[in-house]
Amino acid sequence: MTASGEPERPLDVLLVEDSPGDVRLTREALRDAHPSVHLHVAIDGVQGMAFLRREGAYGDAPRPDLILLDLNLPRMDGREVLAHIKADAGFATIPVIILTTSEIDVVKSYQLKANCYLTKPVQLDAFEALVKSIDDFWLTNVRLPSNSQS
């Protein structure tokens with residue numbers, strides 16, 4: 001229940017990630033931490049932008065409440081995706097968390113208006129803990145704009 005007594009709506013999270021292993025780990029960790037989250041996956045930047053723009057197969061895609069974005073993606077890298085998201089008034093208010101193995105693009109990501117930059121740990125337990133911390137902060141404590149405020 002929300003503070004106003006209304007039932008909480010499920011949250012939609014878009015994960016833009018090309019590693020099937022990282023997708024699986026993120027899905028499992030989010031399911032354990034927050035079962036009502038709907039995780040949508042795009043395997044490259046072009047698919048991620050098509051999802052956001054509701055193009056092609058994504059015509060009925062929901063507007064995500066949060067985006068988890070890898071930087072090292074095929075076809076359109078995460079930096080380009082981030083720049084497109086933050087330059088579009090319809091998407092700019094969606095929080096984008098950079099979740100990547102790269103440790104060199106921190107400043108560039110914040111210049112492109114990322115909301116958060118997290119480095120993926122290599123250990124399974126640490127990765128699960130990181131995803132749970134994303135859930136605790138971004139999906140539990142932070143007040144996100146509602147889809148009607150887009």
# chains A, B, ... in the order shown; residues from 1 in each chain; ligands from 1

$ residues_around --residues "Ile98 (chain A)" --least-positions-apart "6" --cutoff "7 Å" --atoms "only C-alpha atoms" --output "ChimeraX atom specification"
/A:68-70,114,116-118

$ write_last_selection --atoms "N, CA, C and O atoms" --output "short mmCIF file (atom, residue, chain, number, x, y, z; two decimals), in the first residue's frame"
data_model
loop_
_atom_site.label_atom_id
_atom_site.label_comp_id
_atom_site.auth_asym_id
_atom_site.auth_seq_id
_atom_site.Cartn_x
_atom_site.Cartn_y
_atom_site.Cartn_z
N LEU A 68 18.14 0.10 -16.21
CA LEU A 68 19.47 -0.41 -15.88
C LEU A 68 20.20 -0.55 -17.21
O LEU A 68 19.76 -1.31 -18.08
N LEU A 69 21.31 0.15 -17.38
CA LEU A 69 21.96 0.25 -18.68
C LEU A 69 23.42 -0.15 -18.61
O LEU A 69 24.20 0.44 -17.86
N ASP A 70 23.77 -1.15 -19.42
CA ASP A 70 25.17 -1.51 -19.60
C ASP A 70 25.76 -0.52 -20.60
O ASP A 70 25.05 0.00 -21.47
N ALA A 114 23.57 10.50 -16.34
CA ALA A 114 23.20 9.26 -15.65
C ALA A 114 22.82 9.61 -14.22
O ALA A 114 23.35 10.56 -13.64
N CYS A 116 23.05 7.36 -11.74
CA CYS A 116 23.86 6.56 -10.83
C CYS A 116 24.81 5.72 -11.68
O CYS A 116 24.47 5.33 -12.80
N TYR A 117 26.00 5.44 -11.16
CA TYR A 117 26.99 4.63 -11.87
C TYR A 117 27.47 3.53 -10.93
O TYR A 117 28.03 3.83 -9.87
N LEU A 118 27.21 2.30 -11.30
CA LEU A 118 27.62 1.16 -10.48
C LEU A 118 28.46 0.20 -11.31
O LEU A 118 28.13 -0.08 -12.46
#

$ residues_around --residues "region 108-112 of chain A" --least-positions-apart "4" --cutoff "10 Å" --atoms "only C-alpha atoms" --output "PDB file with all heavy atoms, in the first residue's frame"
ATOM      1  N   LEU A  71      27.046  -0.238 -20.511  1.00  0.00           N
ATOM      2  CA  LEU A  71      27.674   0.685 -21.451  1.00  0.00           C
ATOM      3  C   LEU A  71      28.204  -0.020 -22.694  1.00  0.00           C
ATOM      4  O   LEU A  71      28.182   0.524 -23.784  1.00  0.00           O
ATOM      5  CB  LEU A  71      28.819   1.452 -20.779  1.00  0.00           C
ATOM      6  CG  LEU A  71      28.416   2.456 -19.716  1.00  0.00           C
ATOM      7  CD1 LEU A  71      29.653   3.136 -19.140  1.00  0.00           C
ATOM      8  CD2 LEU A  71      27.444   3.489 -20.253  1.00  0.00           C
ATOM      9  N   GLY A  78      25.960   1.977 -24.796  1.00  0.00           N
ATOM     10  CA  GLY A  78      25.185   2.563 -23.711  1.00  0.00           C
ATOM     11  C   GLY A  78      25.325   4.067 -23.591  1.00  0.00           C
ATOM     12  O   GLY A  78      24.398   4.752 -23.166  1.00  0.00           O
ATOM     13  N   ARG A  79      26.480   4.611 -23.985  1.00  0.00           N
ATOM     14  CA  ARG A  79      26.669   6.059 -23.931  1.00  0.00           C
ATOM     15  C   ARG A  79      25.700   6.755 -24.893  1.00  0.00           C
ATOM     16  O   ARG A  79      25.109   7.775 -24.566  1.00  0.00           O
ATOM     17  CB  ARG A  79      28.118   6.426 -24.267  1.00  0.00           C
ATOM     18  CG  ARG A  79      29.120   5.947 -23.223  1.00  0.00           C
ATOM     19  CD  ARG A  79      30.517   5.827 -23.839  1.00  0.00           C
ATOM     20  NE  ARG A  79      31.299   4.788 -23.221  1.00  0.00           N
ATOM     21  CZ  ARG A  79      31.192   3.479 -23.445  1.00  0.00           C
ATOM     22  NH1 ARG A  79      30.304   3.010 -24.265  1.00  0.00           N
ATOM     23  NH2 ARG A  79      31.972   2.624 -22.820  1.00  0.00           N
ATOM     24  N   GLU A  80      25.566   6.176 -26.096  1.00  0.00           N
ATOM     25  CA  GLU A  80      24.625   6.727 -27.083  1.00  0.00           C
ATOM     26  C   GLU A  80      23.190   6.605 -26.588  1.00  0.00           C
ATOM     27  O   GLU A  80      22.397   7.535 -26.731  1.00  0.00           O
ATOM     28  CB  GLU A  80      24.748   5.987 -28.416  1.00  0.00           C
ATOM     29  CG  GLU A  80      25.987   6.285 -29.206  1.00  0.00           C
ATOM     30  CD  GLU A  80      25.975   5.500 -30.500  1.00  0.00           C
ATOM     31  OE1 GLU A  80      25.322   5.945 -31.470  1.00  0.00           O
ATOM     32  OE2 GLU A  80      26.607   4.427 -30.536  1.00  0.00           O
ATOM     33  N   VAL A  81      22.866   5.461 -26.026  1.00  0.00           N
ATOM     34  CA  VAL A  81      21.515   5.249 -25.497  1.00  0.00           C
ATOM     35  C   VAL A  81      21.221   6.281 -24.411  1.00  0.00           C
ATOM     36  O   VAL A  81      20.171   6.934 -24.422  1.00  0.00           O
ATOM     37  CB  VAL A  81      21.342   3.811 -24.944  1.00  0.00           C
ATOM     38  CG1 VAL A  81      19.994   3.649 -24.245  1.00  0.00           C
ATOM     39  CG2 VAL A  81      21.502   2.779 -26.051  1.00  0.00           C
ATOM     40  N   LEU A  82      22.156   6.452 -23.491  1.00  0.00           N
ATOM     41  CA  LEU A  82      21.983   7.422 -22.405  1.00  0.00           C
ATOM     42  C   LEU A  82      21.784   8.833 -22.964  1.00  0.00           C
ATOM     43  O   LEU A  82      20.904   9.568 -22.514  1.00  0.00           O
ATOM     44  CB  LEU A  82      23.187   7.367 -21.464  1.00  0.00           C
ATOM     45  CG  LEU A  82      23.178   8.328 -20.284  1.00  0.00           C
ATOM     46  CD1 LEU A  82      21.975   8.087 -19.365  1.00  0.00           C
ATOM     47  CD2 LEU A  82      24.490   8.171 -19.490  1.00  0.00           C
ATOM     48  N   ALA A  83      22.586   9.205 -23.950  1.00  0.00           N
ATOM     49  CA  ALA A  83      22.462  10.536 -24.554  1.00  0.00           C
ATOM     50  C   ALA A  83      21.079  10.713 -25.187  1.00  0.00           C
ATOM     51  O   ALA A  83      20.445  11.770 -25.026  1.00  0.00           O
ATOM     52  CB  ALA A  83      23.564  10.755 -25.591  1.00  0.00           C
ATOM     53  N   HIS A  84      20.577   9.690 -25.887  1.00  0.00           N
ATOM     54  CA  HIS A  84      19.245   9.764 -26.508  1.00  0.00           C
ATOM     55  C   HIS A  84      18.154   9.884 -25.441  1.00  0.00           C
ATOM     56  O   HIS A  84      17.220  10.676 -25.589  1.00  0.00           O
ATOM     57  CB  HIS A  84      18.974   8.536 -27.375  1.00  0.00           C
ATOM     58  CG  HIS A  84      19.692   8.528 -28.678  1.00  0.00           C
ATOM     59  ND1 HIS A  84      19.467   9.466 -29.664  1.00  0.00           N
ATOM     60  CD2 HIS A  84      20.635   7.682 -29.173  1.00  0.00           C
ATOM     61  CE1 HIS A  84      20.245   9.199 -30.704  1.00  0.00           C
ATOM     62  NE2 HIS A  84      20.965   8.122 -30.422  1.00  0.00           N
ATOM     63  N   ILE A  85      18.270   9.096 -24.391  1.00  0.00           N
ATOM     64  CA  ILE A  85      17.252   9.118 -23.329  1.00  0.00           C
ATOM     65  C   ILE A  85      17.181  10.491 -22.685  1.00  0.00           C
ATOM     66  O   ILE A  85      16.107  11.076 -22.534  1.00  0.00           O
ATOM     67  CB  ILE A  85      17.552   8.035 -22.261  1.00  0.00           C
ATOM     68  CG1 ILE A  85      17.341   6.637 -22.824  1.00  0.00           C
ATOM     69  CG2 ILE A  85      16.682   8.251 -21.008  1.00  0.00           C
ATOM     70  CD1 ILE A  85      17.871   5.516 -21.929  1.00  0.00           C
ATOM     71  N   LYS A  86      18.322  11.015 -22.291  1.00  0.00           N
ATOM     72  CA  LYS A  86      18.336  12.280 -21.551  1.00  0.00           C
ATOM     73  C   LYS A  86      18.083  13.500 -22.438  1.00  0.00           C
ATOM     74  O   LYS A  86      17.726  14.559 -21.938  1.00  0.00           O
ATOM     75  CB  LYS A  86      19.640  12.427 -20.776  1.00  0.00           C
ATOM     76  CG  LYS A  86      19.785  11.373 -19.666  1.00  0.00           C
ATOM     77  CD  LYS A  86      18.608  11.404 -18.697  1.00  0.00           C
ATOM     78  CE  LYS A  86      18.749  10.412 -17.573  1.00  0.00           C
ATOM     79  NZ  LYS A  86      17.676  10.483 -16.578  1.00  0.00           N
ATOM     80  N   ALA A  87      18.208  13.340 -23.776  1.00  0.00           N
ATOM     81  CA  ALA A  87      17.915  14.441 -24.691  1.00  0.00           C
ATOM     82  C   ALA A  87      16.437  14.488 -25.072  1.00  0.00           C
ATOM     83  O   ALA A  87      15.975  15.476 -25.636  1.00  0.00           O
ATOM     84  CB  ALA A  87      18.765  14.313 -25.953  1.00  0.00           C
ATOM     85  N   ILE A  97      20.332   3.994 -14.375  1.00  0.00           N
ATOM     86  CA  ILE A  97      21.454   3.499 -13.578  1.00  0.00           C
ATOM     87  C   ILE A  97      22.407   2.789 -14.520  1.00  0.00           C
ATOM     88  O   ILE A  97      22.025   1.834 -15.201  1.00  0.00           O
ATOM     89  CB  ILE A  97      20.970   2.515 -12.493  1.00  0.00           C
ATOM     90  CG1 ILE A  97      20.038   3.229 -11.530  1.00  0.00           C
ATOM     91  CG2 ILE A  97      22.156   1.883 -11.770  1.00  0.00           C
ATOM     92  CD1 ILE A  97      19.391   2.305 -10.524  1.00  0.00           C
ATOM     93  N   ILE A  98      23.628   3.277 -14.564  1.00  0.00           N
ATOM     94  CA  ILE A  98      24.650   2.592 -15.344  1.00  0.00           C
ATOM     95  C   ILE A  98      25.109   1.408 -14.501  1.00  0.00           C
ATOM     96  O   ILE A  98      25.508   1.565 -13.345  1.00  0.00           O
ATOM     97  CB  ILE A  98      25.845   3.528 -15.656  1.00  0.00           C
ATOM     98  CG1 ILE A  98      25.379   4.785 -16.393  1.00  0.00           C
ATOM     99  CG2 ILE A  98      26.924   2.773 -16.430  1.00  0.00           C
ATOM    100  CD1 ILE A  98      24.679   4.550 -17.708  1.00  0.00           C
ATOM    101  N   ILE A 104      36.005   3.127 -16.493  1.00  0.00           N
ATOM    102  CA  ILE A 104      36.644   4.319 -17.047  1.00  0.00           C
ATOM    103  C   ILE A 104      35.661   5.387 -17.500  1.00  0.00           C
ATOM    104  O   ILE A 104      36.066   6.492 -17.830  1.00  0.00           O
ATOM    105  CB  ILE A 104      37.576   3.951 -18.225  1.00  0.00           C
ATOM    106  CG1 ILE A 104      36.783   3.246 -19.329  1.00  0.00           C
ATOM    107  CG2 ILE A 104      38.733   3.090 -17.762  1.00  0.00           C
ATOM    108  CD1 ILE A 104      37.565   3.009 -20.599  1.00  0.00           C
ATOM    109  N   CYS A 116      23.049   7.362 -11.738  1.00  0.00           N
ATOM    110  CA  CYS A 116      23.859   6.558 -10.833  1.00  0.00           C
ATOM    111  C   CYS A 116      24.808   5.718 -11.682  1.00  0.00           C
ATOM    112  O   CYS A 116      24.471   5.330 -12.801  1.00  0.00           O
ATOM    113  CB  CYS A 116      22.910   5.665 -10.024  1.00  0.00           C
ATOM    114  SG  CYS A 116      23.677   4.610  -8.816  1.00  0.00           S
ATOM    115  N   TYR A 117      25.998   5.440 -11.160  1.00  0.00           N
ATOM    116  CA  TYR A 117      26.987   4.630 -11.869  1.00  0.00           C
ATOM    117  C   TYR A 117      27.465   3.535 -10.926  1.00  0.00           C
ATOM    118  O   TYR A 117      28.030   3.833  -9.872  1.00  0.00           O
ATOM    119  CB  TYR A 117      28.171   5.495 -12.301  1.00  0.00           C
ATOM    120  CG  TYR A 117      29.125   4.812 -13.246  1.00  0.00           C
ATOM    121  CD1 TYR A 117      29.101   5.099 -14.599  1.00  0.00           C
ATOM    122  CD2 TYR A 117      30.056   3.882 -12.792  1.00  0.00           C
ATOM    123  CE1 TYR A 117      29.973   4.494 -15.484  1.00  0.00           C
ATOM    124  CE2 TYR A 117      30.929   3.260 -13.661  1.00  0.00           C
ATOM    125  CZ  TYR A 117      30.887   3.569 -15.018  1.00  0.00           C
ATOM    126  OH  TYR A 117      31.745   2.955 -15.880  1.00  0.00           O
TER     127      TYR A 117
END

$ closest_residue --among "A:Ala61, A:Ile134, A:Val107, A:Leu99" --to "Thr119 (chain A)" --atoms "only C-alpha atoms"
A:Leu99

$ select_by_dssp --residues "region 6-111 of chain A" --states "alpha helix (DSSP H)" --output "NGL selection string"
:A and (20-33 or 45-53 or 78-87 or 106-111)

$ atom_distance --atom1 "CA of Arg143 (chain A)" --atom2 "CA of Pro95 (chain A)"
10.8 Å

$ closest_residue --among "A:Asp60, A:Asp135, A:Asp77, A:Asp32" --to "Thr100 (chain A)" --atoms "only C-alpha atoms"
A:Asp77

$ residues_around --residues "Leu66 (chain A)" --least-positions-apart "2" --cutoff "6 Å" --atoms "only C-alpha atoms" --output "PDB file with C-alpha atoms, in the first residue's frame"
ATOM      1  CA  VAL A  13      12.315  -1.940 -15.125  1.00  0.00           C
ATOM      2  CA  PRO A  64       9.804   1.976 -17.605  1.00  0.00           C
ATOM      3  CA  ILE A  94      13.300   8.123 -16.168  1.00  0.00           C
ATOM      4  CA  PRO A  95      16.187   7.367 -13.792  1.00  0.00           C
TER       5      PRO A  95
END

$ residues_around --residues "Ser36 (chain A)" --least-positions-apart "4" --cutoff "9 Å" --atoms "only C-alpha atoms" --output "number ranges by chain"
A: 9-12, 31
